Every structure is written in C-alpha cells, then in structure tokens.
>>> print(open('start_8.tsv').read())   # TSV, C-alpha atoms
chain	number	residue	atom	x	y	z
A	28	MET	CA	-9.11	2.73	49.79
A	29	ASN	CA	-7.33	0.11	51.88
A	30	THR	CA	-9.88	-0.41	54.64
A	31	GLU	CA	-7.72	-3.04	56.32
A	32	LYS	CA	-5.39	-0.30	57.58
A	33	LYS	CA	-8.10	2.14	58.64
A	34	LYS	CA	-8.73	2.79	62.31
A	35	ILE	CA	-12.43	2.73	63.18
A	36	ALA	CA	-13.98	3.56	66.54
A	37	VAL	CA	-17.53	3.16	67.82
A	38	ILE	CA	-18.60	5.31	70.78
A	39	GLY	CA	-21.68	4.00	72.58
A	40	ILE	CA	-22.02	0.22	72.62
A	41	GLY	CA	-25.77	0.01	73.23
A	42	GLY	CA	-28.28	-1.47	70.82
A	43	VAL	CA	-27.43	0.56	67.72
A	44	GLY	CA	-23.74	0.99	68.51
A	45	GLY	CA	-23.39	-2.66	69.46
A	46	TYR	CA	-24.89	-3.84	66.18
A	47	ILE	CA	-22.61	-1.57	64.14
A	48	ALA	CA	-19.53	-2.31	66.28
A	49	GLY	CA	-20.10	-6.05	66.11
A	50	LEU	CA	-20.23	-6.15	62.32
A	51	LEU	CA	-17.31	-3.73	61.95
A	52	ALA	CA	-15.12	-5.72	64.35
A	53	LYS	CA	-15.99	-8.95	62.54
A	54	ALA	CA	-14.82	-7.41	59.24
A	55	TYR	CA	-11.89	-5.15	60.14
A	56	PRO	CA	-8.73	-5.60	62.26
A	57	HIS	CA	-8.40	-2.11	63.74
A	58	VAL	CA	-11.71	-1.49	65.49
A	59	THR	CA	-11.89	0.28	68.85
A	60	MET	CA	-15.01	0.00	70.99
A	61	VAL	CA	-15.37	2.85	73.46
A	62	ALA	CA	-16.87	1.49	76.66
A	63	ARG	CA	-16.20	1.50	80.38
A	64	GLY	CA	-16.94	-0.41	83.55
A	65	ALA	CA	-18.59	-3.81	83.49
A	66	ARG	CA	-19.56	-3.48	79.81
A	67	ALA	CA	-15.93	-2.93	78.82
A	68	GLU	CA	-14.77	-5.88	80.92
A	69	SER	CA	-17.41	-8.14	79.39
A	70	ILE	CA	-16.36	-7.23	75.84
A	71	ARG	CA	-12.67	-7.72	76.65
A	72	LYS	CA	-13.33	-11.17	78.10
A	73	LYS	CA	-16.08	-12.55	75.87
A	74	GLY	CA	-16.07	-10.26	72.86
A	75	LEU	CA	-19.16	-8.42	71.75
A	76	VAL	CA	-22.02	-10.92	71.51
A	77	LEU	CA	-24.68	-10.03	68.94
A	78	HIS	CA	-27.93	-11.98	68.69
A	79	SER	CA	-29.30	-10.83	65.34
A	80	ASP	CA	-32.46	-12.03	63.65
A	81	TYR	CA	-31.01	-10.58	60.46
A	82	LYS	CA	-27.30	-11.48	60.59
A	83	GLY	CA	-27.31	-14.47	62.94
A	84	GLU	CA	-25.21	-15.13	66.02
A	85	ILE	CA	-21.96	-13.14	66.04
A	86	VAL	CA	-19.14	-12.87	68.55
A	87	ALA	CA	-16.76	-10.06	67.56
A	88	LYS	CA	-13.40	-9.35	69.16
A	89	PRO	CA	-12.32	-5.72	68.71
A	90	GLU	CA	-8.66	-4.73	68.67
A	91	ARG	CA	-9.20	-2.40	71.64
A	92	VAL	CA	-11.85	-1.67	74.28
A	93	VAL	CA	-11.08	1.62	76.01
A	94	PRO	CA	-12.64	4.57	77.82
A	95	ILE	CA	-13.14	7.59	75.61
A	96	GLN	CA	-10.10	9.48	76.89
A	97	ASP	CA	-7.88	6.64	75.63
A	98	MET	CA	-9.46	6.33	72.19
A	99	GLY	CA	-6.78	8.29	70.33
A	100	GLN	CA	-6.92	9.48	66.73
A	101	GLN	CA	-9.13	7.48	64.40
A	102	ASP	CA	-9.92	7.56	60.70
A	103	TYR	CA	-13.65	6.96	61.26
A	104	ILE	CA	-15.67	7.55	64.42
A	105	PHE	CA	-19.24	6.26	64.72
A	106	ILE	CA	-21.05	8.10	67.53
A	107	CYS	CA	-24.00	6.05	68.78
A	108	VAL	CA	-24.88	7.70	72.10
A	109	LYS	CA	-28.07	9.25	73.45
A	110	ASN	CA	-28.47	12.90	72.55
A	111	TYR	CA	-28.02	14.08	76.13
A	112	SER	CA	-24.47	12.65	76.10
A	113	LEU	CA	-23.38	14.22	72.81
A	114	ALA	CA	-21.88	17.46	74.15
A	115	GLU	CA	-19.70	15.53	76.60
A	116	VAL	CA	-18.55	13.16	73.84
A	117	CYS	CA	-17.64	16.08	71.56
A	118	GLU	CA	-15.63	17.70	74.34
A	119	SER	CA	-13.77	14.44	74.96
A	120	ILE	CA	-12.83	13.74	71.34
A	121	ARG	CA	-12.15	17.26	70.04
A	122	ASP	CA	-8.36	16.99	70.37
A	123	MET	CA	-8.37	13.54	68.74
A	124	VAL	CA	-10.13	14.72	65.58
A	125	THR	CA	-8.03	15.85	62.61
A	126	ASP	CA	-9.10	17.49	59.36
A	127	ASP	CA	-9.12	14.01	57.75
A	128	THR	CA	-11.26	12.34	60.42
A	129	VAL	CA	-14.76	11.28	59.40
A	130	ILE	CA	-17.45	11.34	62.11
A	131	ILE	CA	-20.69	9.45	61.57
A	132	PRO	CA	-23.41	10.14	64.16
A	133	VAL	CA	-25.92	7.29	64.23
A	134	MET	CA	-28.35	8.89	66.64
A	135	ASN	CA	-31.94	9.99	67.10
A	136	GLY	CA	-33.24	13.45	66.30
A	137	VAL	CA	-32.59	15.84	63.45
A	138	ASP	CA	-29.61	17.86	64.66
A	139	PRO	CA	-26.74	15.66	65.99
A	140	GLY	CA	-24.66	16.29	62.86
A	141	GLU	CA	-25.19	20.02	63.14
A	142	ASN	CA	-24.25	19.92	66.82
A	143	ILE	CA	-21.06	17.92	66.18
A	144	ARG	CA	-19.96	20.36	63.48
A	145	ARG	CA	-20.45	23.21	65.94
A	146	LEU	CA	-18.90	21.53	68.99
A	147	VAL	CA	-15.93	19.77	67.35
A	148	GLY	CA	-15.22	22.13	64.47
A	149	LYS	CA	-12.90	19.73	62.61
A	150	GLY	CA	-13.10	16.70	60.37
A	151	THR	CA	-16.04	15.79	58.15
A	152	VAL	CA	-19.42	14.84	59.58
A	153	VAL	CA	-21.40	12.39	57.43
A	154	ASP	CA	-25.02	12.54	58.53
A	155	SER	CA	-26.86	9.28	58.99
A	156	LEU	CA	-29.89	7.56	60.39
A	157	ILE	CA	-30.65	3.92	61.09
A	158	TYR	CA	-33.76	1.81	60.91
A	159	THR	CA	-33.49	-1.07	63.36
A	160	VAL	CA	-34.89	-2.66	66.48
A	161	ALA	CA	-31.85	-3.28	68.68
A	162	PHE	CA	-31.12	-3.12	72.38
A	163	ALA	CA	-28.55	-4.09	74.98
A	164	ASN	CA	-29.26	-6.94	77.38
A	165	GLU	CA	-28.34	-7.23	81.06
A	166	ASP	CA	-25.39	-9.48	80.19
A	167	PHE	CA	-24.11	-6.76	77.78
A	168	SER	CA	-24.96	-8.80	74.70
A	169	ILE	CA	-26.88	-7.03	71.93
A	170	SER	CA	-30.18	-8.19	70.46
A	171	GLN	CA	-31.35	-7.09	67.01
A	172	GLN	CA	-34.91	-8.02	66.13
A	173	ASP	CA	-36.66	-8.37	62.75
A	174	THR	CA	-35.28	-9.11	59.31
A	175	PHE	CA	-33.85	-5.70	58.50
A	176	THR	CA	-31.39	-3.09	59.68
A	177	TRP	CA	-30.05	-0.41	57.38
A	178	LEU	CA	-28.41	2.98	57.48
A	179	CYS	CA	-28.95	6.03	55.34
A	180	ILE	CA	-25.88	8.26	54.87
A	181	GLY	CA	-25.17	11.57	53.17
A	182	ILE	CA	-24.30	15.25	53.47
A	183	LYS	CA	-26.73	17.91	52.31
A	184	ASP	CA	-25.34	19.96	49.40
A	185	ALA	CA	-22.04	18.06	49.61
A	186	ASP	CA	-19.03	19.42	47.75
A	187	GLU	CA	-16.59	17.14	45.92
A	188	ARG	CA	-14.44	16.48	49.00
A	189	GLN	CA	-17.49	15.69	51.13
A	190	GLN	CA	-18.87	13.36	48.46
A	191	LYS	CA	-15.59	11.48	48.60
A	192	LYS	CA	-15.93	11.08	52.37
A	193	VAL	CA	-19.48	9.79	52.01
A	194	ALA	CA	-18.20	7.25	49.46
A	195	GLU	CA	-15.51	6.16	51.93
A	196	VAL	CA	-18.13	5.55	54.62
A	197	ALA	CA	-20.21	3.59	52.11
A	198	GLY	CA	-17.17	1.42	51.43
A	199	ILE	CA	-16.63	0.79	55.13
A	200	LEU	CA	-20.27	-0.23	55.61
A	201	LYS	CA	-20.32	-2.44	52.52
A	202	GLY	CA	-17.17	-4.24	53.65
A	203	ALA	CA	-18.80	-4.96	57.02
A	204	ASP	CA	-22.04	-6.25	55.43
A	205	ILE	CA	-24.01	-3.35	56.93
A	206	ASP	CA	-26.90	-2.42	54.65
A	207	TYR	CA	-26.98	1.24	53.68
A	208	LYS	CA	-28.35	3.76	51.22
A	209	ASP	CA	-26.43	6.81	50.02
A	210	GLN	CA	-29.08	9.53	49.84
A	211	GLY	CA	-28.81	12.80	47.99
A	212	ASP	CA	-31.21	14.71	50.27
A	213	ILE	CA	-30.25	13.30	53.65
A	214	GLU	CA	-32.26	16.03	55.40
A	215	VAL	CA	-35.52	14.64	54.06
A	216	GLU	CA	-34.55	11.10	55.11
A	217	ILE	CA	-33.65	12.25	58.62
A	218	TRP	CA	-36.97	14.04	58.96
A	219	ARG	CA	-38.90	11.07	57.59
A	220	LYS	CA	-37.56	9.00	60.45
A	221	TYR	CA	-37.95	11.85	62.92
A	222	ILE	CA	-41.68	12.36	62.29
A	223	LEU	CA	-42.08	8.61	62.77
A	224	ASN	CA	-40.34	8.80	66.15
A	225	CYS	CA	-42.31	11.87	67.23
A	226	ALA	CA	-45.27	9.49	67.30
A	227	PHE	CA	-43.68	6.04	67.82
A	228	ASN	CA	-41.51	6.89	70.83
A	229	VAL	CA	-43.85	9.50	72.27
A	230	MET	CA	-47.07	7.47	72.14
A	231	THR	CA	-45.55	4.19	73.35
A	232	ALA	CA	-43.94	6.02	76.28
A	233	PHE	CA	-46.99	8.13	77.17
A	234	TYR	CA	-49.39	5.18	77.31
A	235	ASP	CA	-46.79	2.48	78.02
A	236	ASN	CA	-48.39	0.50	75.20
A	237	THR	CA	-46.97	-1.64	72.43
A	238	ILE	CA	-47.61	-0.54	68.85
A	239	GLY	CA	-50.25	-3.26	68.60
A	240	GLU	CA	-52.10	-1.93	71.63
A	241	LEU	CA	-52.01	1.59	70.20
A	242	ARG	CA	-53.37	0.67	66.78
A	243	ARG	CA	-56.17	-1.46	68.24
A	244	ASP	CA	-57.46	1.57	70.18
A	245	PRO	CA	-59.22	3.95	67.75
A	246	VAL	CA	-58.61	7.06	69.88
A	247	LYS	CA	-54.91	6.32	70.41
A	248	ALA	CA	-54.46	5.40	66.75
A	249	GLN	CA	-55.95	8.72	65.71
A	250	GLN	CA	-53.66	10.55	68.13
A	251	TYR	CA	-50.65	8.72	66.70
A	252	GLU	CA	-51.51	9.88	63.20
A	253	LYS	CA	-52.10	13.45	64.39
A	254	LEU	CA	-48.64	13.54	66.02
A	255	VAL	CA	-47.10	12.47	62.71
A	256	TRP	CA	-48.88	15.25	60.81
A	257	GLU	CA	-48.02	17.85	63.45
A	258	ALA	CA	-44.32	16.96	63.43
A	259	ALA	CA	-44.29	17.03	59.63
A	260	SER	CA	-45.86	20.50	59.61
A	261	VAL	CA	-42.92	21.77	61.67
A	262	GLY	CA	-40.42	20.19	59.29
A	263	GLN	CA	-42.19	21.74	56.32
A	264	ALA	CA	-42.15	25.13	58.04
A	265	LYS	CA	-38.37	24.72	58.35
A	266	GLY	CA	-38.12	24.17	54.61
A	267	VAL	CA	-37.72	20.38	54.64
A	268	ALA	CA	-39.17	18.83	51.48
A	269	LEU	CA	-41.56	16.44	53.22
A	270	THR	CA	-44.48	15.35	51.05
A	271	ASP	CA	-47.88	13.85	51.84
A	272	GLU	CA	-46.48	10.60	50.43
A	273	HIS	CA	-43.70	10.62	53.05
A	274	ILE	CA	-46.21	11.29	55.83
A	275	ASN	CA	-48.68	8.65	54.69
A	276	GLU	CA	-45.86	6.11	54.46
A	277	VAL	CA	-45.11	6.65	58.17
A	278	ILE	CA	-48.78	6.15	59.00
A	279	HIS	CA	-48.93	3.04	56.80
A	280	LYS	CA	-46.01	1.57	58.77
A	281	PHE	CA	-47.89	2.20	62.00
A	282	ARG	CA	-51.08	0.64	60.69
A	283	TYR	CA	-49.65	-2.39	58.89
A	284	VAL	CA	-45.89	-2.88	59.17
A	285	HIS	CA	-44.53	-2.38	62.69
A	286	ALA	CA	-44.46	-5.53	64.80
A	287	ASP	CA	-47.42	-5.94	67.13
A	288	ASN	CA	-45.14	-6.22	70.18
A	289	ALA	CA	-42.88	-3.30	69.20
A	290	THR	CA	-41.79	-0.93	71.96
A	291	SER	CA	-39.53	2.12	71.88
A	292	SER	CA	-36.31	3.24	73.53
A	293	LEU	CA	-38.11	6.14	75.24
A	294	GLN	CA	-40.76	3.77	76.56
A	295	ARG	CA	-38.11	1.42	77.95
A	296	ASP	CA	-36.32	4.34	79.65
A	297	PHE	CA	-39.60	5.49	81.21
A	298	ARG	CA	-40.39	1.94	82.37
A	299	ILE	CA	-37.17	1.73	84.37
A	300	ARG	CA	-37.59	5.35	85.50
A	301	ARG	CA	-34.29	6.42	84.01
A	302	LYS	CA	-33.34	9.93	85.09
A	303	GLN	CA	-31.97	10.86	81.67
A	304	THR	CA	-34.11	10.17	78.62
A	305	GLU	CA	-34.44	11.44	75.07
A	306	LEU	CA	-37.79	13.11	75.78
A	307	GLU	CA	-36.38	16.44	74.60
A	308	THR	CA	-35.19	14.82	71.37
A	309	PHE	CA	-38.49	13.17	70.48
A	310	SER	CA	-40.94	15.70	71.91
A	311	GLY	CA	-39.37	18.82	73.41
A	312	TYR	CA	-37.50	19.76	70.23
A	313	ILE	CA	-40.56	19.67	68.00
A	314	VAL	CA	-42.65	21.66	70.51
A	315	LYS	CA	-39.98	24.35	70.87
A	316	GLU	CA	-39.40	24.60	67.11
A	317	ALA	CA	-43.15	24.88	66.50
A	318	LYS	CA	-43.35	27.74	68.98
A	319	ARG	CA	-40.37	29.48	67.36
A	320	LEU	CA	-41.89	29.11	63.89
A	321	GLY	CA	-45.47	29.93	64.88
A	322	VAL	CA	-46.81	26.48	63.98
A	323	SER	CA	-49.78	25.09	65.93
A	324	ILE	CA	-49.25	21.55	67.25
A	325	PRO	CA	-51.66	21.28	70.22
A	326	LEU	CA	-51.61	17.51	70.69
A	327	SER	CA	-47.79	17.36	70.62
A	328	GLU	CA	-47.72	20.10	73.28
A	329	LYS	CA	-50.28	18.30	75.45
A	330	ILE	CA	-48.48	14.94	75.37
A	331	TYR	CA	-45.08	16.58	75.92
A	332	GLN	CA	-46.41	18.22	79.07
A	333	GLY	CA	-47.88	14.90	80.19
A	334	LEU	CA	-44.56	13.12	79.68
A	335	MET	CA	-42.75	15.91	81.53
A	336	GLU	CA	-45.07	15.38	84.50
A	337	ILE	CA	-44.43	11.63	84.45
A	338	ALA	CA	-40.66	12.18	84.26
A	339	GLU	CA	-40.71	14.60	87.20
A	340	LYS	CA	-41.85	11.72	89.42
A	341	PHE	CA	-38.74	9.62	88.66
>>> encode(input="start_8.tsv", output="structure tokens")
Amino acid sequence: MNTEKKKIAVIGIGGVGGYIAGLLAKAYPHVTMVARGARAESIRKKGLVLHSDYKGEIVAKPERVVPIQDMGQQDYIFICVKNYSLAEVCESIRDMVTDDTVIIPVMNGVDPGENIRRLVGKGTVVDSLIYTVAFANEDFSISQQDTFTWLCIGIKDADERQQKKVAEVAGILKGADIDYKDQGDIEVEIWRKYILNCAFNVMTAFYDNTIGELRRDPVKAQQYEKLVWEAASVGQAKGVALTDEHINEVIHKFRYVHADNATSSLQRDFRIRRKQTELETFSGYIVKEAKRLGVSIPLSEKIYQGLMEIAEKF
C-alpha cells in the first residue's frame, strides 16, 4: 500500500483528534483537517501545535484545513467528535463516502461504529478506542499528558475484506508513529474502556474531584468500584465477554495507576457549564440498557439522576 498517495481526513480537532491529526500530518502529505472558525484559521496560519509528553513538541502543517462540506472524498476518515455531533457528521459526509472508504471512529462509548454503519451505509467502519489524556487549549494547541497514548483497532467477526481494511489502518498508524494494537475481539476492548469511563467520567464530574481526591475518600472510592461492576454487569448481560480479570484491572488502574491530578472530559464540560455534554454516553446509555435488559444498577441510576439535575441548571 502506497500511503504517500492516500488521502486522510480527521474530523474533530480537539484533544484526541488533534493528537491523531498532528502525527498523521507530520507523516503524510495528503492530510485534511476538518475545522472551522478561529480554530481553522489558527491551524492554517501556525499549523497544528501539539505539546506531547510522549512524542515531544510537534508543529504539523496539513495539506488542507476545511469545513466539513468541503472535505471531499477521502481514502481514510478518522472521526473524533463528541457523540452528540455524530449524526450531523454522518449526514454531512454520506455523499463523500464510497465503497472503498475506510471510516475510523475514535470516540467514547460503545456504539459509534454501529451508528456510523447505520447512518452512512457505505464504506468500511474499523472500530477503535484510544487510551490517552489529551485536550485542546485556548490557543487551539493540543496538550497530551503522560507517557502513553495508543489505539486499539478491529472489526468483530471480520471477513477477509474487512481484515484487509483493518491491516491498512494499522499501516497508516504505524507510518505515523501512532501506537496501536490490532485486537481480535474489539467488542471486549471497547467495553473494557467503557466500564472504566462509566466510573472515571461519571464520578469526577459528579463530585468535581480529581482521581486522587476520589481514591482518598473511602466512600467515594467504594462508589467508583461499584459503578465499574454495575456497568460490567450490563455488558455481560448483552453478551460481551467481560471477565472478573477485566473488571479488576479497571479498579486496579483507579487505585494505583491513574495520575493523582487526573480529570475527565465530562468533568471539564460540567465545570464550564457546557450545554452539550457526553452525559448520555457515559451514564444515560448504561442506565437505559440496564432497564431494557432487566439488570439492577441502583448507584448508576442515582448518580445519573444527580448529574441530570446539575446539567439542568446550566
């Protein structure tokens, strides 16, 4: 595969999208960053500025910076938007997607790939997730914290053609020095991250505490662990092969691995009283699925209602 000739677009140049777009644009000549307004102007003038603990200081100049309606056909499209923007993105790109296009959603939650397949109906969707701490700054630069960032990619029960597309995405990531793992059971990997976020994002936002503050409080720490187990019970009821080992690994990260000063994207959105948040992704979805499946998750329900009440005051 001659990656030098491939056209690659990144939609959503926030923390995650900015990190991915910066490394792709540094490595490949035909990268389009989809942005608008002041962010687009900043990237056109200064390039995308990435302050990365892991990869160092990078200034990447993409071939194009355009609004989504001007993106045009691409070989690979990384979608890195908030879940509440996904339907609008799919509507905007539908006519630009061909049967050969590969779409890689790098988003929160468990169902963005499923939603893209339903809303776009063309191309190949390679499911993914990312482990990183990254965010956009007021000057439109991107900060990535800690000494890791990696993606997990795959398609559940992939046929031969889909396996080839996953391999192509792996090649693109490798060429851009983006760490990745090609997982056979991507569904399990997505849910492993999701049950983490059902506690990480939800608890930090509900109490407006850092991870360190949560784990130093015995009551809050116990609640955190209970949210993990409740979310996992919903995944298991859906047939996801989550094991006690997976669940205990998430709890171990909370207890011993996550940085003391770590915050979450949902917490940051609540702090600035953002009207649109991913509350439904991290909390509403699991509560609704539990109700549909007849699974009892009382603490998740209680904290979801509490976060809904906080959000209503914005």
>>> atom_distance(input="start_8.tsv", atom1="CA of Thr128 in chain A", atom2="CA of Tyr103 in chain A")
5.9 Å
>>> residues_around(input="start_8.tsv", residues="range 113-125 of chain A", least_positions_apart="6", cutoff="9 Å", atoms="all atoms listed in the file", output="list in words")
Ile38, Ile95, Gln96, Met98, Gly99, Gln100, Gln101, Asp102, Ile106, Pro139, Asn142, Ile143, Leu146, Val147, Gly148, Lys149 and Gly150 of chain A
>>> closest_residue(input="start_8.tsv", among="A:Lys280, A:Glu214, A:Ala203, A:Gly181", to="Ala226 in chain A", atoms="all atoms listed in the file")
A:Lys280
>>> residues_around(input="start_8.tsv", residues="Val43 in chain A", least_positions_apart="6", cutoff="12 Å", atoms="all atoms listed in the file", output="PyMOL selection string")
chain A and resi 37+49-50+77+79+105-109+132-135+156-163+168-172+176-178+205+292
>>> closest_residue(input="start_8.tsv", among="A:Arg219, A:Lys53, A:Lys265, A:Arg282", to="Lys247 in chain A", atoms="only C-alpha atoms")
A:Arg282
>>> atom_distance(input="start_8.tsv", atom1="CA of Val129 in chain A", atom2="CA of Gly311 in chain A")
29.3 Å
>>> closest_residue(input="start_8.tsv", among="A:His273, A:Arg301, A:Arg188, A:Lys208", to="Leu223 in chain A", atoms="only C-alpha atoms")
A:His273
>>> atom_distance(input="start_8.tsv", atom1="CA of Ser69 in chain A", atom2="CA of Tyr46 in chain A")
15.8 Å
>>> residues_around(input="start_8.tsv", residues="Glu216 in chain A", least_positions_apart="6", cutoff="10 Å", atoms="only C-alpha atoms", output="ChimeraX atom specification")
/A:137,155-156,179-181,210,267-269,273
>>> closest_residue(input="start_8.tsv", among="A:Asn228, A:Ser260, A:Asn110, A:Thr30", to="Leu320 in chain A", atoms="all atoms listed in the file")
A:Ser260
>>> residues_near_point(input="start_8.tsv", point="(-47.0, 18.9, 69.7)", cutoff="7 Å", atoms="all atoms listed in the file", output="PyMOL selection string")
chain A and resi 254+257+313-314+324-329+331
>>> closest_residue(input="start_8.tsv", among="A:Lys72, A:Asn164, A:Tyr283, A:Lys82", to="Ile40 in chain A", atoms="all atoms listed in the file")
A:Asn164
>>> residues_around(input="start_8.tsv", residues="Met230 in chain A", least_positions_apart="2", cutoff="10 Å", atoms="all atoms listed in the file", output="list in words")
Asn224, Cys225, Ala226, Phe227, Asn228, Ala232, Phe233, Tyr234, Asp235, Asn236, Thr237, Ile238, Leu241, Lys247, Ala248, Gln250, Tyr251, Leu254, Thr290, Ser291, Leu293, Gln294, Ile330 and Leu334 of chain A
>>> write_last_selection(input="start_8.tsv", atoms="C-alpha atoms", output="short mmCIF file (atom, residue, chain, number, x, y, z; two decimals), in the frame of the given file")
data_model
loop_
_atom_site.label_atom_id
_atom_site.label_comp_id
_atom_site.auth_asym_id
_atom_site.auth_seq_id
_atom_site.Cartn_x
_atom_site.Cartn_y
_atom_site.Cartn_z
CA ASN A 224 -40.34 8.80 66.15
CA CYS A 225 -42.31 11.87 67.23
CA ALA A 226 -45.27 9.49 67.30
CA PHE A 227 -43.68 6.04 67.82
CA ASN A 228 -41.51 6.89 70.83
CA ALA A 232 -43.94 6.02 76.28
CA PHE A 233 -46.99 8.13 77.17
CA TYR A 234 -49.39 5.18 77.31
CA ASP A 235 -46.79 2.48 78.02
CA ASN A 236 -48.39 0.50 75.20
CA THR A 237 -46.97 -1.64 72.43
CA ILE A 238 -47.61 -0.54 68.85
CA LEU A 241 -52.01 1.59 70.20
CA LYS A 247 -54.91 6.32 70.41
CA ALA A 248 -54.46 5.40 66.75
CA GLN A 250 -53.66 10.55 68.13
CA TYR A 251 -50.65 8.72 66.70
CA LEU A 254 -48.64 13.54 66.02
CA THR A 290 -41.79 -0.93 71.96
CA SER A 291 -39.53 2.12 71.88
CA LEU A 293 -38.11 6.14 75.24
CA GLN A 294 -40.76 3.77 76.56
CA ILE A 330 -48.48 14.94 75.37
CA LEU A 334 -44.56 13.12 79.68
#
>>> closest_residue(input="start_8.tsv", among="A:Val193, A:Val215, A:Val229, A:Ile337", to="Arg300 in chain A", atoms="all atoms listed in the file")
A:Ile337
>>> residues_around(input="start_8.tsv", residues="Asn29 in chain A", least_positions_apart="6", cutoff="12 Å", atoms="all atoms listed in the file", output="ChimeraX atom specification")
/A:55-56,102,195,198-199,202
>>> build_atoms(input="start_8.tsv", residues="range 147-161 of chain A", atoms="N, CA, C and O atoms", output="compact mmCIF listing (two decimals), in the coordinates of the input")
# COMPACT_ATOMS: atom_id res chain seq x y z
N VAL A 147 -17.27 20.31 67.64
CA VAL A 147 -15.93 19.77 67.35
C VAL A 147 -15.17 20.69 66.41
O VAL A 147 -13.99 20.99 66.62
N GLY A 148 -15.82 21.13 65.34
CA GLY A 148 -15.22 22.13 64.47
C GLY A 148 -14.12 21.63 63.55
O GLY A 148 -13.45 22.42 62.89
N LYS A 149 -13.92 20.32 63.48
CA LYS A 149 -12.90 19.73 62.61
C LYS A 149 -13.44 18.45 62.00
O LYS A 149 -14.44 17.91 62.45
N GLY A 150 -12.70 17.94 61.00
CA GLY A 150 -13.10 16.70 60.37
C GLY A 150 -14.33 16.89 59.49
O GLY A 150 -14.80 18.01 59.26
N THR A 151 -14.84 15.79 58.99
CA THR A 151 -16.04 15.79 58.15
C THR A 151 -17.12 14.98 58.84
O THR A 151 -16.89 13.83 59.22
N VAL A 152 -18.29 15.55 59.00
CA VAL A 152 -19.42 14.84 59.58
C VAL A 152 -20.31 14.33 58.45
O VAL A 152 -20.80 15.11 57.62
N VAL A 153 -20.48 13.01 58.38
CA VAL A 153 -21.40 12.39 57.43
C VAL A 153 -22.68 12.07 58.19
O VAL A 153 -22.68 11.25 59.11
N ASP A 154 -23.75 12.75 57.84
CA ASP A 154 -25.02 12.54 58.53
C ASP A 154 -25.57 11.15 58.24
O ASP A 154 -25.32 10.58 57.16
N SER A 155 -26.30 10.61 59.20
CA SER A 155 -26.86 9.28 58.99
C SER A 155 -28.09 9.07 59.85
O SER A 155 -28.39 9.86 60.75
N LEU A 156 -28.81 8.03 59.54
CA LEU A 156 -29.89 7.56 60.39
C LEU A 156 -29.93 6.05 60.23
O LEU A 156 -29.35 5.50 59.28
N ILE A 157 -30.57 5.38 61.16
CA ILE A 157 -30.65 3.92 61.09
C ILE A 157 -32.06 3.47 61.37
O ILE A 157 -32.77 4.04 62.21
N TYR A 158 -32.50 2.48 60.64
CA TYR A 158 -33.76 1.81 60.91
C TYR A 158 -33.44 0.43 61.46
O TYR A 158 -32.88 -0.42 60.76
N THR A 159 -33.77 0.22 62.71
CA THR A 159 -33.49 -1.07 63.36
C THR A 159 -34.30 -1.19 64.63
O THR A 159 -34.81 -0.19 65.16
N VAL A 160 -34.41 -2.40 65.12
CA VAL A 160 -34.89 -2.66 66.48
C VAL A 160 -33.76 -3.40 67.17
O VAL A 160 -33.52 -4.58 66.91
N ALA A 161 -33.03 -2.70 68.03
CA ALA A 161 -31.85 -3.28 68.68
C ALA A 161 -31.72 -2.73 70.08
O ALA A 161 -32.03 -1.55 70.32
